[in-house]
Structure formats: C-alpha cells, structure tokens
$ cat start_24.cif   # mmCIF, C-alpha atoms, pLDDT in the B column; chains and numbers go by the auth columns
data_entry
loop_
_atom_site.group_PDB
_atom_site.id
_atom_site.type_symbol
_atom_site.label_atom_id
_atom_site.label_comp_id
_atom_site.label_asym_id
_atom_site.label_seq_id
_atom_site.Cartn_x
_atom_site.Cartn_y
_atom_site.Cartn_z
_atom_site.B_iso_or_equiv
_atom_site.auth_seq_id
_atom_site.auth_asym_id
ATOM 1 C CA MET A 1 21.192 105.184 -76.613 82.00 1 F
ATOM 2 C CA GLY A 2 19.725 108.311 -78.188 81.00 2 F
ATOM 3 C CA GLU A 3 20.892 110.529 -75.339 89.00 3 F
ATOM 4 C CA TYR A 4 24.491 109.429 -75.939 95.00 4 F
ATOM 5 C CA GLY A 5 24.328 109.489 -79.733 93.00 5 F
ATOM 6 C CA VAL A 6 24.765 105.751 -80.174 93.00 6 F
ATOM 7 C CA PRO A 7 23.500 104.818 -83.651 92.00 7 F
ATOM 8 C CA TYR A 8 21.256 101.776 -83.902 93.00 8 F
ATOM 9 C CA ASP A 9 18.591 100.555 -86.282 92.00 9 F
ATOM 10 C CA LEU A 10 17.259 97.440 -84.541 96.00 10 F
ATOM 11 C CA ILE A 11 16.110 96.526 -81.057 97.00 11 F
ATOM 12 C CA GLY A 12 16.432 92.881 -80.044 98.00 12 F
ATOM 13 C CA LEU A 13 14.271 91.254 -77.384 98.00 13 F
ATOM 14 C CA SER A 14 14.463 87.830 -75.773 98.00 14 F
ATOM 15 C CA TYR A 15 11.255 85.888 -75.294 98.00 15 F
ATOM 16 C CA TYR A 16 10.821 82.786 -73.191 96.00 16 F
ATOM 17 C CA PRO A 17 7.220 82.475 -71.982 97.00 17 F
ATOM 18 C CA TRP A 18 8.220 80.777 -68.726 95.00 18 F
ATOM 19 C CA TRP A 19 10.221 83.911 -67.799 95.00 19 F
ATOM 20 C CA HIS A 20 8.720 86.740 -69.847 96.00 20 F
ATOM 21 C CA GLY A 21 5.001 86.037 -69.865 96.00 21 F
ATOM 22 C CA THR A 22 2.277 85.384 -72.368 97.00 22 F
ATOM 23 C CA LEU A 23 2.202 85.846 -76.114 98.00 23 F
ATOM 24 C CA THR A 24 -0.188 88.754 -75.540 97.00 24 F
ATOM 25 C CA GLU A 25 2.442 90.413 -73.358 97.00 25 F
ATOM 26 C CA LEU A 26 5.132 89.821 -75.989 98.00 26 F
ATOM 27 C CA THR A 27 2.901 91.331 -78.680 98.00 27 F
ATOM 28 C CA ALA A 28 2.248 94.421 -76.551 98.00 28 F
ATOM 29 C CA ASN A 29 5.961 94.798 -75.771 98.00 29 F
ATOM 30 C CA LEU A 30 6.969 94.505 -79.443 98.00 30 F
ATOM 31 C CA ARG A 31 4.390 97.106 -80.499 98.00 31 F
ATOM 32 C CA ALA A 32 5.223 99.527 -77.685 98.00 32 F
ATOM 33 C CA THR A 33 8.966 99.250 -78.288 97.00 33 F
ATOM 34 C CA ALA A 34 8.653 99.815 -82.048 98.00 34 F
ATOM 35 C CA GLN A 35 6.286 102.753 -81.554 97.00 35 F
ATOM 36 C CA ARG A 36 8.308 104.391 -78.797 95.00 36 F
ATOM 37 C CA TYR A 37 11.672 104.190 -80.535 94.00 37 F
ATOM 38 C CA GLY A 38 10.620 104.103 -84.200 94.00 38 F
ATOM 39 C CA ARG A 39 12.971 101.188 -84.863 95.00 39 F
ATOM 40 C CA ASP A 40 12.611 97.653 -86.123 98.00 40 F
ATOM 41 C CA VAL A 41 12.236 95.037 -83.404 98.00 41 F
ATOM 42 C CA MET A 42 13.280 91.417 -83.484 98.00 42 F
ATOM 43 C CA VAL A 43 13.022 88.450 -81.152 98.00 43 F
ATOM 44 C CA VAL A 44 16.717 87.616 -81.128 98.00 44 F
ATOM 45 C CA GLU A 45 16.510 84.754 -78.660 97.00 45 F
ATOM 46 C CA THR A 46 13.683 82.293 -78.067 98.00 46 F
ATOM 47 C CA SER A 47 12.974 78.582 -77.716 96.00 47 F
ATOM 48 C CA TYR A 48 10.303 76.202 -76.475 96.00 48 F
ATOM 49 C CA PRO A 49 10.494 72.562 -75.355 96.00 49 F
ATOM 50 C CA TRP A 50 9.449 69.705 -77.585 96.00 50 F
ATOM 51 C CA ARG A 51 9.635 67.199 -74.718 95.00 51 F
ATOM 52 C CA ALA A 52 10.149 67.004 -70.966 91.00 52 F
ATOM 53 C CA GLY A 53 13.683 66.764 -69.685 83.00 53 F
ATOM 54 C CA GLY A 54 15.704 69.692 -68.458 75.00 54 F
ATOM 55 C CA TRP A 55 13.643 72.835 -68.902 84.00 55 F
ATOM 56 C CA GLU A 56 11.222 72.239 -66.018 83.00 56 F
ATOM 57 C CA ALA A 57 13.525 73.580 -63.291 82.00 57 F
ATOM 58 C CA MET A 58 13.862 76.930 -65.025 82.00 58 F
ATOM 59 C CA ALA A 59 10.166 77.373 -65.835 87.00 59 F
ATOM 60 C CA THR A 60 9.101 79.908 -63.212 88.00 60 F
ATOM 61 C CA ASN A 61 5.875 80.873 -65.035 90.00 61 F
ATOM 62 C CA ARG A 62 4.384 77.710 -66.501 89.00 62 F
ATOM 63 C CA ALA A 63 0.984 79.394 -66.827 92.00 63 F
ATOM 64 C CA ALA A 64 2.394 81.390 -69.775 93.00 64 F
ATOM 65 C CA MET A 65 3.355 78.149 -71.539 94.00 65 F
ATOM 66 C CA THR A 66 0.027 77.666 -73.279 96.00 66 F
ATOM 67 C CA TRP A 67 1.363 75.489 -76.099 97.00 67 F
ATOM 68 C CA PRO A 68 1.676 71.734 -75.639 96.00 68 F
ATOM 69 C CA VAL A 69 5.120 70.424 -74.746 95.00 69 F
ATOM 70 C CA SER A 70 5.471 68.330 -77.884 97.00 70 F
ATOM 71 C CA ALA A 71 7.050 68.562 -81.300 98.00 71 F
ATOM 72 C CA GLN A 72 3.806 69.992 -82.717 98.00 72 F
ATOM 73 C CA GLY A 73 3.413 72.348 -79.750 98.00 73 F
ATOM 74 C CA GLN A 74 6.918 73.664 -80.349 98.00 74 F
ATOM 75 C CA ALA A 75 6.052 74.316 -84.012 98.00 75 F
ATOM 76 C CA LYS A 76 2.825 76.120 -83.042 98.00 76 F
ATOM 77 C CA TYR A 77 4.755 78.233 -80.533 98.00 77 F
ATOM 78 C CA LEU A 78 7.241 79.319 -83.190 98.00 78 F
ATOM 79 C CA ARG A 79 4.458 80.069 -85.686 98.00 79 F
ATOM 80 C CA ASP A 80 2.741 82.262 -83.069 98.00 80 F
ATOM 81 C CA VAL A 81 5.948 84.151 -82.203 98.00 81 F
ATOM 82 C CA ILE A 82 6.736 84.745 -85.884 98.00 82 F
ATOM 83 C CA ASP A 83 3.175 85.971 -86.451 98.00 83 F
ATOM 84 C CA ALA A 84 3.455 88.340 -83.460 98.00 84 F
ATOM 85 C CA VAL A 85 6.643 89.856 -84.856 98.00 85 F
ATOM 86 C CA ALA A 86 5.140 90.121 -88.350 97.00 86 F
ATOM 87 C CA ALA A 87 2.144 92.007 -86.913 98.00 87 F
ATOM 88 C CA VAL A 88 4.260 94.845 -85.472 98.00 88 F
ATOM 89 C CA PRO A 89 2.856 98.092 -86.941 97.00 89 F
ATOM 90 C CA ALA A 90 4.522 99.926 -89.824 96.00 90 F
ATOM 91 C CA GLY A 91 6.486 96.839 -90.867 96.00 91 F
ATOM 92 C CA HIS A 92 8.814 97.185 -87.865 98.00 92 F
ATOM 93 C CA GLY A 93 8.860 93.432 -87.105 98.00 93 F
ATOM 94 C CA ALA A 94 12.248 92.208 -88.337 97.00 94 F
ATOM 95 C CA GLY A 95 12.356 88.494 -87.503 97.00 95 F
ATOM 96 C CA VAL A 96 12.928 85.696 -85.009 98.00 96 F
ATOM 97 C CA ILE A 97 16.052 83.747 -84.062 98.00 97 F
ATOM 98 C CA TRP A 98 15.887 80.384 -82.259 98.00 98 F
ATOM 99 C CA TRP A 99 18.404 80.114 -79.448 96.00 99 F
ATOM 100 C CA TYR A 100 20.718 77.080 -79.573 95.00 100 F
ATOM 101 C CA PRO A 101 18.766 75.053 -82.163 96.00 101 F
ATOM 102 C CA GLU A 102 21.395 72.302 -82.282 95.00 102 F
ATOM 103 C CA ALA A 103 21.336 71.693 -78.513 93.00 103 F
ATOM 104 C CA ILE A 104 20.781 67.935 -78.546 92.00 104 F
ATOM 105 C CA GLN A 105 21.918 65.974 -75.517 87.00 105 F
ATOM 106 C CA VAL A 106 25.431 64.543 -75.707 88.00 106 F
ATOM 107 C CA PRO A 107 26.454 62.004 -73.056 89.00 107 F
ATOM 108 C CA GLY A 108 28.781 63.503 -70.465 92.00 108 F
ATOM 109 C CA ILE A 109 28.301 67.098 -71.639 91.00 109 F
ATOM 110 C CA PHE A 110 25.995 69.680 -70.082 90.00 110 F
ATOM 111 C CA ILE A 111 23.433 70.870 -72.613 90.00 111 F
ATOM 112 C CA TRP A 112 21.054 73.681 -71.660 87.00 112 F
ATOM 113 C CA GLY A 113 17.562 72.270 -71.193 89.00 113 F
ATOM 114 C CA GLY A 114 18.812 68.719 -71.601 90.00 114 F
ATOM 115 C CA GLY A 115 18.226 68.844 -75.334 92.00 115 F
ATOM 116 C CA SER A 116 14.517 69.533 -74.910 94.00 116 F
ATOM 117 C CA LEU A 117 14.681 73.008 -76.478 95.00 117 F
ATOM 118 C CA ALA A 118 16.498 72.064 -79.679 96.00 118 F
ATOM 119 C CA LEU A 119 15.050 71.986 -83.173 98.00 119 F
ATOM 120 C CA PHE A 120 16.329 68.416 -83.483 97.00 120 F
ATOM 121 C CA ASP A 121 15.293 65.306 -81.608 95.00 121 F
ATOM 122 C CA ALA A 122 17.699 63.170 -79.579 91.00 122 F
ATOM 123 C CA GLY A 123 18.715 61.283 -82.732 93.00 123 F
ATOM 124 C CA GLY A 124 19.541 64.476 -84.618 94.00 124 F
ATOM 125 C CA ASN A 125 16.398 64.418 -86.770 96.00 125 F
ATOM 126 C CA VAL A 126 14.884 67.794 -87.601 97.00 126 F
ATOM 127 C CA LEU A 127 11.683 68.644 -85.708 98.00 127 F
ATOM 128 C CA PRO A 128 8.593 70.229 -87.324 98.00 128 F
ATOM 129 C CA ALA A 129 9.327 73.686 -85.847 98.00 129 F
ATOM 130 C CA ALA A 130 12.376 74.072 -88.081 97.00 130 F
ATOM 131 C CA SER A 131 10.123 74.041 -91.145 96.00 131 F
ATOM 132 C CA VAL A 132 8.165 77.027 -89.792 97.00 132 F
ATOM 133 C CA PHE A 133 11.052 79.357 -90.652 93.00 133 F
ATOM 134 C CA GLY A 134 10.695 80.879 -94.077 84.00 134 F
ATOM 135 C CA THR A 135 6.974 80.193 -94.396 77.00 135 F
ATOM 136 C CA ARG A 136 5.809 83.786 -93.953 66.00 136 F
#
$ encode --input "start_24.cif" --output "structure tokens"
Amino acid sequence: MGEYGVPYDLIGLSYYPWWHGTLTELTANLRATAQRYGRDVMVVETSYPWRAGGWEAMATNRAAMTWPVSAQGQAKYLRDVIDAVAAVPAGHGAGVIWWYPEAIQVPGIFIWGGGSLALFDAGGNVLPAASVFGTR
C-alpha cells in the first residue's frame, strides 16, 4: 500500500480461532501489525459458536477453541478478543466487529454455521455476548 501511495489509516484483520489460531497468536499479530505499519488495527470479522450445529465441519483447528461452546463461552471469547485489541500498544487497537450477528436459522434457507455463530438464539433472543460490546 505504501509503495503505491495508497492512503489508509486502519488495518482490518479477521479472527476465527478454528482457522487463525490461538488468542496468543492473535495478540502477537495485532501488536506486530500495529508496530510495523504504525496504524490502528481492528478485528473486522469474528464470531464464535454458542451451541453445536453447523460450525463443526469448518473447524480445522479445534485446539485453538479454548472457550466453551456455550452462550457464556461465546461471551468470554468476545471479552477476550476485545481485551486483546484494547491492549495493542500506543492505543492502536480500534475495535471489534462481530460477523453476521443476526444469523439465526430460518427453515429452508442456508445460514452460515446453522445459526450457531449468531448473537441471538434460535428464538431471536439476544445472547450474553451482545452485552459485552460497549463495556470497555
């Protein structure tokens, strides 16, 4: 980007532990990216299951999924990711965005992860992880 003169002020990273590794690896990546480029970094796409049902087939690195697969585990996961971003040196941690928070299962329609990665349960009720946003 710099070589071609493309202006930018933020670097966005995706983080799914089953593909991208542990929270320790995310933390190291966020720090290294912010330090190398001198820009704010943000996790612009993340999610974690609150129940079984659709995500298992895509989980190629389950060892990195150290949080329980439960509504409370999902909330703890989000708290940990937000804390990792907030800890980026020099205030370069910009925030976290949950991918597809409204992805509840609808009969006859394909929903990524079968609704297990949403911030709402199958009945449309908000899950505890949603309340983690805005608490820092």
$ resolve_selection --input "start_24.cif" --expression "the PyMOL selection byres ((chain F and resi 36-43) around 12)" --output "PyMOL selection string"
chain F and resi 1-2+7-16+26-35+44-47+78+81-99
$ residues_around --input "start_24.cif" --residues "Glu102 of chain F" --least-positions-apart "4" --cutoff "9 Å" --atoms "all atoms listed in the file" --output "list in words"
Gly115, Leu117, Ala118, Leu119, Phe120 and Gly124 of chain F
$ atom_distance --input "start_24.cif" --atom1 "atom CA of Ser131 of chain F" --atom2 "atom CA of Ser116 of chain F"
17.4 Å
$ atom_distance --input "start_24.cif" --atom1 "atom CA of Tyr100 of chain F" --atom2 "atom CA of Asp80 of chain F"
19.0 Å
$ atom_distance --input "start_24.cif" --atom1 "atom CA of Ile111 of chain F" --atom2 "atom CA of Asn125 of chain F"
17.1 Å
$ resolve_selection --input "start_24.cif" --expression "the PyMOL selection byres ((chain F and resi 75) around 9)" --output "tab-separated table (two decimals) with C-alpha atoms, in the coordinates of the input"
chain	number	residue	atom	x	y	z
F	48	TYR	CA	10.30	76.20	-76.47
F	50	TRP	CA	9.45	69.70	-77.58
F	70	SER	CA	5.47	68.33	-77.88
F	71	ALA	CA	7.05	68.56	-81.30
F	72	GLN	CA	3.81	69.99	-82.72
F	73	GLY	CA	3.41	72.35	-79.75
F	74	GLN	CA	6.92	73.66	-80.35
F	76	LYS	CA	2.82	76.12	-83.04
F	77	TYR	CA	4.76	78.23	-80.53
F	78	LEU	CA	7.24	79.32	-83.19
F	79	ARG	CA	4.46	80.07	-85.69
F	80	ASP	CA	2.74	82.26	-83.07
F	127	LEU	CA	11.68	68.64	-85.71
F	128	PRO	CA	8.59	70.23	-87.32
F	129	ALA	CA	9.33	73.69	-85.85
F	130	ALA	CA	12.38	74.07	-88.08
F	131	SER	CA	10.12	74.04	-91.14
F	132	VAL	CA	8.16	77.03	-89.79
$ resolve_selection --input "start_24.cif" --expression "the PyMOL selection byres ((chain F and resi 19) around 8)" --output "PDB file with C-alpha atoms, keeping the file's coordinate frame"
ATOM      1  CA  TYR F  15      11.255  85.888 -75.294  1.00 98.00           C
ATOM      2  CA  TYR F  16      10.821  82.786 -73.191  1.00 96.00           C
ATOM      3  CA  PRO F  17       7.220  82.475 -71.982  1.00 97.00           C
ATOM      4  CA  TRP F  18       8.220  80.777 -68.726  1.00 95.00           C
ATOM      5  CA  HIS F  20       8.720  86.740 -69.847  1.00 96.00           C
ATOM      6  CA  GLY F  21       5.001  86.037 -69.865  1.00 96.00           C
ATOM      7  CA  ALA F  59      10.166  77.373 -65.835  1.00 87.00           C
ATOM      8  CA  THR F  60       9.101  79.908 -63.212  1.00 88.00           C
ATOM      9  CA  ASN F  61       5.875  80.873 -65.035  1.00 90.00           C
TER      10      ASN F  61
END
